[in-house]
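Asks: Next up is a structure, given as structure tokens.
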Amino acid sequence: MAQEVLSGAEIVLKALVDQGVEVVFGYPGGAVLPLYDELFKQNKLRHILVRHEQAALHAAEGYARSTGKVGCVLVTSGPGATNAVTGLLDAQYDSVPLVCLCGQVPTHLIGNDAFQEADITGITRPCTKHNYLVKEIGNLSKVMHEAFYVARTGRPGPVVVDLPKDVLTAKGEYTGPAKVKHKSYKPQVKGDIKAIEEAAKLMAAAKKPIFYIGGGVVNSGVGASQLLTQLVHTTGFPCTQTLMGLGAFPGSDPLSLGMLGMHGTYEANMSMHDCDLMIAVGVRFDDRVTGRVNAFSPNSKKIHIDIEPSSINKNVMVDLPIVGDVAHVLEDLVKVWKSKQYRADEKALKGWWSQIEQWRSIDCLRYAQDNKVIKPQYAIQRLYELTKGMDTYVTTEVGQHQMWAAQFFKFEKPMHWMTSGGLGTMGYGLPSAMGVQLAHPDSLVIDISGDSSVQMNIQELGTLSQYGLPVKVFILNNGYMGMVRQWQELMHGGRYSQSYFELQPDFVKLAEAYGAVGMRVDTVGELDGVIQEMIKIRKPVIVDCRVAPGENCFPMIPAGAAHNEMLLGPADEAEQPDSEDGMVLV
Amino acid sequence: MNTHHQEPVHRHTIAILVDNESGVLARVVGLFSGRGYNIESLTVAEVDAREQLSRITIVTSGTKMIIEQIKAQLRRLVPVHKVSDLTTDGPSVSRELALVKVAGTGEKRVESLRIADIFRARAVDSTNESFVFEIVGATEKLDAFINLMEPLGLVDVSRTGVAAIARGPNPI
């Protein structure tokens, strides 16, 4: 059959459609004009015009993480592409599948310091899963399909395709996505069955086991969460989640210990420290999780299931690594558990749970709410209670509000919680919520935000209004960069260096200026009413929720401390001496 | 914080088979610099023109955990076909070539020629006041030769870095 001869721009768009792309987040510019011209002539792809390229990346991340599809971005050369870099690294850290198309100057000008030229494959090499510079039209279709394949398979991640302008205008043949078979890239999906059998054996023998689960379970699909939930219920083992893993196991389940790590629960961290078997699933033993590595869970055997071989034995040596896709490995693990008729050690487990209940009874998330100033924890708790039962998606920015959201908002299902975990990108939440809302137009999408973070991508209120996306931006406004202030209080003698904004915008007027609705709440008595009204409004809303300015986020494992050295609250904090060791850590 | 400090550090020779495409060396080298790994020597050339494959040989050093991590990170790169640790994956041969320029006259000049003979180095260029020696062998042999040339008028050295291959009939 004769191949169709198309322009490079036509080939790119055809490949996107064939890859199942429905929405592209982007911003035009000189180098990508041929693509925008083709976009103008078609109606299969919807283009969402953002206000800043970084936001396009985060929006695509929100879209991808709430749907399981590959997010797609289109930016121009030079500054368009460099503005995308933060979002690319964010997606790289949190394993979000993205394809980012960047314009590039024509091939004959590459290396010439041309107008709006940037060596974007060079710049993005360490912050993408892979990148391509397409120099010949003959490679274009293959590269496009390969980019999507690499982005979504294995440990997902962002892929950049750099497209010189002359390649977009050249004519060439299009080939379909039928069979991408990569020469060298072959992620391992099935786990080693011998290792899985060994894992089941260890689980049956465990006296103090714990499941430690993370974003890899979410990325592996809804089936992986179901299998994991089934396995946790069958065994009766406790289950703690990382920041990225929230929702992979139902947050309100009695077997859930909540989040672990630096601001995790006391029961989760103590159980991790004291367990004799750790079943780590889709996690990477991040420093925010482990605390001081040489004091991390000193007496446990560790099973580690992950699709990424480089995550294994990176920070913590494990006893039984299983490389493979979480869903595949769990399916085999459940099968082995059943066929060998393994049983958990009920008697030992009873003792383990009674210890855990003692830790739980400390009620580490307690806080004192009077009837005047709103405590940030209370605001999130009310937000959670008043939105329960709705199909609610939550995004966050980065800082104290993010940790409080993780502690107090319980997620029953995966893919409903979008936060910048690894990179910790302030300004993530608002554009991410935009992408989530586009994918789920009838759902409630809330960006739980802080007054500092929200200002890093606040221009996207324009995008929300333009496309009628009814995202709710719920700002916990304490006037500070709260987490910076907290660290300065705890580790730098209360010297609040540059962590306070003497001038803040009037968020209500700002919302109105962008065609959104602005609301402000100052007292406990008004809070429920404002939240309920916010939910009802079918427009983008900003709620400026004034909260106690000096509130700290507890519990906390100070940097460089172990899981069993948590600060539970202000009383512990007083005993914490300023430590030079702590100061140098992040 | 870092628990690797007490662990012994070993030198490893790692062979990497990659697609010979634009930027592939930058990916490999960038991985080492970005993650703070050592490169003691680096050798790269195309080895299969039909399949367009290049072979990169890197001599690096690190603790066991770091070496494992280096290999895992290399395998993560999309254009990487194979990674082999020639130090641990069975016996191997490794060779390096150096061109060593020695300038001088009189007794020192004669002495340099005598030592070159002992090391089986060949003079590949000669003037009245200089030699360029070509020497092939293990890194340590080259180091020893260069050290001996130092007092005899050593002015310039060019080394290829290590090329290494597993012993026996099997490919990488």
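Residues in the structure tokens are named by chain (A, B, ... in the order shown) and by number from 1 within that chain; ligands are numbered from 1 in the order shown.
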Can you list, as a PyMOL selection string, every protein, DNA or RNA residue that comes within 10 Å of Thr76 of chain A when you count only C-alpha atoms, leaving out same-chain residues fewer than 2 positions away?

Replies: chain A and resi 26-33+53+74+78-84+101-105+116-117+162-163

Asks: For the residues in that selection, give me C-alpha atoms as a PDB file, in the first residue's frame.

Replies:
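Once written, part-v6.pdb looks like this:
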ATOM      1  CA  GLY A  26       0.805  24.144  25.250  1.00  0.00           C
ATOM      2  CA  TYR A  27       1.934  27.597  24.317  1.00  0.00           C
ATOM      3  CA  PRO A  28       2.822  28.664  20.768  1.00  0.00           C
ATOM      4  CA  GLY A  29       5.955  30.378  19.464  1.00  0.00           C
ATOM      5  CA  GLY A  30       7.971  30.835  16.292  1.00  0.00           C
ATOM      6  CA  ALA A  31       9.515  27.388  16.047  1.00  0.00           C
ATOM      7  CA  VAL A  32       6.236  25.502  16.482  1.00  0.00           C
ATOM      8  CA  LEU A  33       4.042  27.622  14.215  1.00  0.00           C
ATOM      9  CA  GLU A  53       4.998  26.578  29.972  1.00  0.00           C
ATOM     10  CA  LEU A  74       3.678  21.324  23.204  1.00  0.00           C
ATOM     11  CA  GLY A  78      14.438  28.277  23.630  1.00  0.00           C
ATOM     12  CA  PRO A  79      12.578  29.893  26.547  1.00  0.00           C
ATOM     13  CA  GLY A  80       9.464  27.836  25.888  1.00  0.00           C
ATOM     14  CA  ALA A  81      11.471  24.673  26.344  1.00  0.00           C
ATOM     15  CA  THR A  82      13.579  25.910  29.268  1.00  0.00           C
ATOM     16  CA  ASN A  83      10.388  26.908  31.104  1.00  0.00           C
ATOM     17  CA  ALA A  84       9.335  23.291  30.757  1.00  0.00           C
ATOM     18  CA  LEU A 101       7.146  18.235  22.114  1.00  0.00           C
ATOM     19  CA  CYS A 102       9.578  21.143  21.865  1.00  0.00           C
ATOM     20  CA  GLY A 103      10.086  23.357  18.868  1.00  0.00           C
ATOM     21  CA  GLN A 104      13.662  23.849  17.706  1.00  0.00           C
ATOM     22  CA  VAL A 105      15.368  26.198  15.291  1.00  0.00           C
ATOM     23  CA  GLN A 116      15.318  31.291  20.664  1.00  0.00           C
ATOM     24  CA  GLU A 117      17.738  28.385  20.320  1.00  0.00           C
ATOM     25  CA  ASP A 162      12.816  18.163  19.952  1.00  0.00           C
ATOM     26  CA  LEU A 163      11.434  19.181  16.552  1.00  0.00           C
TER      27      LEU A 163
END

Asks: Please check the contacts: residues of chain B at most 12 Å away from chain A, using only C-alpha atoms, listed as a PyMOL selection string.

Replies: chain B and resi 1-5+16-19+21-35+51-53+63-83

Asks: Got a sec: who's within 12 Å of segment 110-116 of chain B, counting only C-alpha atoms, leaving out chain neighbours fewer than 3 positions off, as a PyMOL selection string?

Replies: chain B and resi 99-107+119-124+126+128-136+141-142+144-154

Asks: Might you pull out every residue within 6 Å of Leu257 of chain A, with only C-alpha atoms counted and same-chain residues fewer than 2 positions away left off, and present them as a list in words?

Replies: Cys239, Thr240 and Ala268 of chain A

Asks: The selected residues should be written to file as a short mmCIF file (atom, residue, chain, number, x, y, z; two decimals), in the first residue's frame (atoms: N, CA and C atoms).

Replies:
data_model
loop_
_atom_site.label_atom_id
_atom_site.label_comp_id
_atom_site.auth_asym_id
_atom_site.auth_seq_id
_atom_site.Cartn_x
_atom_site.Cartn_y
_atom_site.Cartn_z
N CYS A 239 -0.45 -1.75 56.95
CA CYS A 239 0.00 -1.19 55.67
C CYS A 239 0.20 0.32 55.81
N THR A 240 1.41 0.77 55.53
CA THR A 240 1.68 2.20 55.54
C THR A 240 1.99 2.67 54.13
N ALA A 268 3.04 4.46 62.16
CA ALA A 268 3.66 3.97 60.92
C ALA A 268 5.18 3.90 61.10
#

Asks: Residues within 12 Å of Glu512 of chain A, please, as a ChimeraX atom specification. Count only C-alpha atoms; anything in the same chain fewer than 4 positions from it doesn't count.

Replies: /A:461-462,465,506-508,516-519,539-543

Asks: Filtering to C-alpha atoms, could you give me those residues as a short mmCIF file (atom, residue, chain, number, x, y, z; two decimals), in the first residue's frame?

Replies:
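File again.cif, as written:
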data_model
loop_
_atom_site.label_atom_id
_atom_site.label_comp_id
_atom_site.auth_asym_id
_atom_site.auth_seq_id
_atom_site.Cartn_x
_atom_site.Cartn_y
_atom_site.Cartn_z
CA LEU A 461 -6.37 31.30 37.04
CA GLY A 462 -6.70 32.80 33.56
CA SER A 465 -11.59 30.82 33.69
CA ASP A 506 -5.88 40.40 48.00
CA PHE A 507 -6.72 36.86 46.89
CA VAL A 508 -10.45 37.63 46.67
CA ALA A 516 -13.10 33.46 39.20
CA VAL A 517 -14.91 33.65 42.53
CA GLY A 518 -13.01 34.78 45.61
CA MET A 519 -13.99 34.02 49.21
CA LYS A 539 -16.70 28.18 38.49
CA PRO A 540 -13.09 28.38 39.60
CA VAL A 541 -12.98 29.52 43.21
CA ILE A 542 -10.23 30.80 45.48
CA VAL A 543 -10.83 30.42 49.19
#

Asks: List every residue of chain B that DSSP, applied to the backbone, labels as strand (DSSP E or B), and write the result as a PyMOL selection string.

Replies: chain B and resi 10-19+41-48+53-62+80-85+92-103+122-127+130-137+154-159+163-166

Asks: Using C-alpha atoms, can you write the selected residues to a file as a PDB file, in the first residue's frame?

Replies:
ATOM      1  CA  HIS B  10      37.302  -1.124  44.530  1.00  0.00           C
ATOM      2  CA  ARG B  11      38.250  -0.359  40.955  1.00  0.00           C
ATOM      3  CA  HIS B  12      35.989  -1.876  38.290  1.00  0.00           C
ATOM      4  CA  THR B  13      36.198  -2.012  34.523  1.00  0.00           C
ATOM      5  CA  ILE B  14      32.740  -1.760  32.984  1.00  0.00           C
ATOM      6  CA  ALA B  15      31.967  -2.437  29.315  1.00  0.00           C
ATOM      7  CA  ILE B  16      28.827  -0.867  27.859  1.00  0.00           C
ATOM      8  CA  LEU B  17      27.353  -1.671  24.463  1.00  0.00           C
ATOM      9  CA  VAL B  18      25.296   1.257  23.153  1.00  0.00           C
ATOM     10  CA  ASP B  19      23.534   2.465  20.036  1.00  0.00           C
ATOM     11  CA  SER B  41      39.412   6.239  32.199  1.00  0.00           C
ATOM     12  CA  LEU B  42      37.030   6.155  29.296  1.00  0.00           C
ATOM     13  CA  THR B  43      37.405   4.551  25.878  1.00  0.00           C
ATOM     14  CA  VAL B  44      34.821   4.619  23.139  1.00  0.00           C
ATOM     15  CA  ALA B  45      34.573   3.625  19.492  1.00  0.00           C
ATOM     16  CA  GLU B  46      32.135   2.038  17.097  1.00  0.00           C
ATOM     17  CA  VAL B  47      32.520  -1.736  17.126  1.00  0.00           C
ATOM     18  CA  ASP B  48      29.708  -2.868  14.823  1.00  0.00           C
ATOM     19  CA  LEU B  53      26.834  -0.231  18.007  1.00  0.00           C
ATOM     20  CA  SER B  54      29.582   1.437  19.997  1.00  0.00           C
ATOM     21  CA  ARG B  55      31.438   0.039  22.953  1.00  0.00           C
ATOM     22  CA  ILE B  56      32.279   2.240  25.891  1.00  0.00           C
ATOM     23  CA  THR B  57      34.795   0.987  28.440  1.00  0.00           C
ATOM     24  CA  ILE B  58      34.841   2.856  31.719  1.00  0.00           C
ATOM     25  CA  VAL B  59      37.208   2.288  34.607  1.00  0.00           C
ATOM     26  CA  THR B  60      35.541   3.501  37.765  1.00  0.00           C
ATOM     27  CA  SER B  61      35.803   2.953  41.491  1.00  0.00           C
ATOM     28  CA  GLY B  62      33.353   2.724  44.338  1.00  0.00           C
ATOM     29  CA  VAL B  80      22.167   0.967  26.340  1.00  0.00           C
ATOM     30  CA  HIS B  81      22.095  -2.648  25.134  1.00  0.00           C
ATOM     31  CA  LYS B  82      24.407  -4.390  27.555  1.00  0.00           C
ATOM     32  CA  VAL B  83      26.435  -3.620  30.623  1.00  0.00           C
ATOM     33  CA  SER B  84      29.146  -5.996  31.758  1.00  0.00           C
ATOM     34  CA  ASP B  85      31.344  -5.686  34.824  1.00  0.00           C
ATOM     35  CA  SER B  92      39.127 -10.592  31.316  1.00  0.00           C
ATOM     36  CA  VAL B  93      42.018  -8.992  29.454  1.00  0.00           C
ATOM     37  CA  SER B  94      42.588  -5.286  29.468  1.00  0.00           C
ATOM     38  CA  ARG B  95      45.082  -3.172  27.562  1.00  0.00           C
ATOM     39  CA  GLU B  96      45.930   0.441  27.238  1.00  0.00           C
ATOM     40  CA  LEU B  97      48.131   2.230  24.739  1.00  0.00           C
ATOM     41  CA  ALA B  98      50.210   5.327  25.441  1.00  0.00           C
ATOM     42  CA  LEU B  99      52.323   7.625  23.317  1.00  0.00           C
ATOM     43  CA  VAL B 100      55.081   9.058  25.471  1.00  0.00           C
ATOM     44  CA  LYS B 101      57.262  11.953  24.335  1.00  0.00           C
ATOM     45  CA  VAL B 102      60.716  12.316  25.886  1.00  0.00           C
ATOM     46  CA  ALA B 103      62.987  15.235  24.978  1.00  0.00           C
ATOM     47  CA  ARG B 122      58.623   1.134  20.341  1.00  0.00           C
ATOM     48  CA  ALA B 123      60.001   4.424  19.170  1.00  0.00           C
ATOM     49  CA  VAL B 124      57.471   5.687  16.596  1.00  0.00           C
ATOM     50  CA  ASP B 125      59.024   9.105  16.112  1.00  0.00           C
ATOM     51  CA  SER B 126      62.541  10.303  16.584  1.00  0.00           C
ATOM     52  CA  THR B 127      64.466  13.571  16.239  1.00  0.00           C
ATOM     53  CA  SER B 130      63.346  13.610  21.203  1.00  0.00           C
ATOM     54  CA  PHE B 131      61.576  10.264  20.993  1.00  0.00           C
ATOM     55  CA  VAL B 132      57.931   9.331  20.889  1.00  0.00           C
ATOM     56  CA  PHE B 133      57.466   5.855  22.389  1.00  0.00           C
ATOM     57  CA  GLU B 134      54.444   3.670  21.845  1.00  0.00           C
ATOM     58  CA  ILE B 135      53.729   1.343  24.740  1.00  0.00           C
ATOM     59  CA  VAL B 136      50.905  -1.173  25.147  1.00  0.00           C
ATOM     60  CA  GLY B 137      49.957  -3.015  28.291  1.00  0.00           C
ATOM     61  CA  LEU B 154      59.225  13.420  29.782  1.00  0.00           C
ATOM     62  CA  VAL B 155      57.330  16.269  28.088  1.00  0.00           C
ATOM     63  CA  ASP B 156      54.034  14.836  26.875  1.00  0.00           C
ATOM     64  CA  VAL B 157      51.790  11.806  27.284  1.00  0.00           C
ATOM     65  CA  SER B 158      48.739  10.666  25.361  1.00  0.00           C
ATOM     66  CA  ARG B 159      46.860   7.599  26.687  1.00  0.00           C
ATOM     67  CA  ALA B 163      40.089  -1.365  26.311  1.00  0.00           C
ATOM     68  CA  ALA B 164      38.942  -4.596  27.911  1.00  0.00           C
ATOM     69  CA  ILE B 165      37.231  -7.819  26.910  1.00  0.00           C
ATOM     70  CA  ALA B 166      36.190 -11.026  28.652  1.00  0.00           C
TER      71      ALA B 166
END

Asks: Write out as a list in words all residues of segment 84-140 of chain B that DSSP puts in alpha helix (DSSP H) for this structure's backbone.

Replies: Glu107, Lys108, Arg109, Val110, Glu111, Ser112, Leu113, Arg114, Ile115, Ala116, Asp117, Ile118, Thr139 and Glu140 of chain B

Asks: Would you kindly return, as a PyMOL selection string, each protein, DNA or RNA residue with an atom no farther than 10 Å from any atom of Cys364 of chain A, considering only C-alpha atoms and excluding same-chain residues fewer than 6 positions away?

Replies: chain A and resi 264-267+554-556+567-569

Asks: Kindly indicate which residue among A:Lys41, A:Ala562, A:Ala60, A:Ser141 lies nearest to Gly429 of chain A, using only C-alpha atoms for the distances.

Replies: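 Nearest to Gly429 of chain A: A:Ala60.
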
Asks: Within 7 Å of segment 322-324 of chain A, counting only C-alpha atoms, which residues show up once you throw out same-chain ones fewer than 2 positions away? Write them as a list of chain:residue names, please.

Replies: A:Gln188, A:Val189, A:Lys190, A:Gly191, A:Asp192, A:Ala195, A:His304, A:Ile305, A:Asp306, A:Ile307, A:Glu308, A:Pro309, A:Leu320, A:Val326, A:Val329
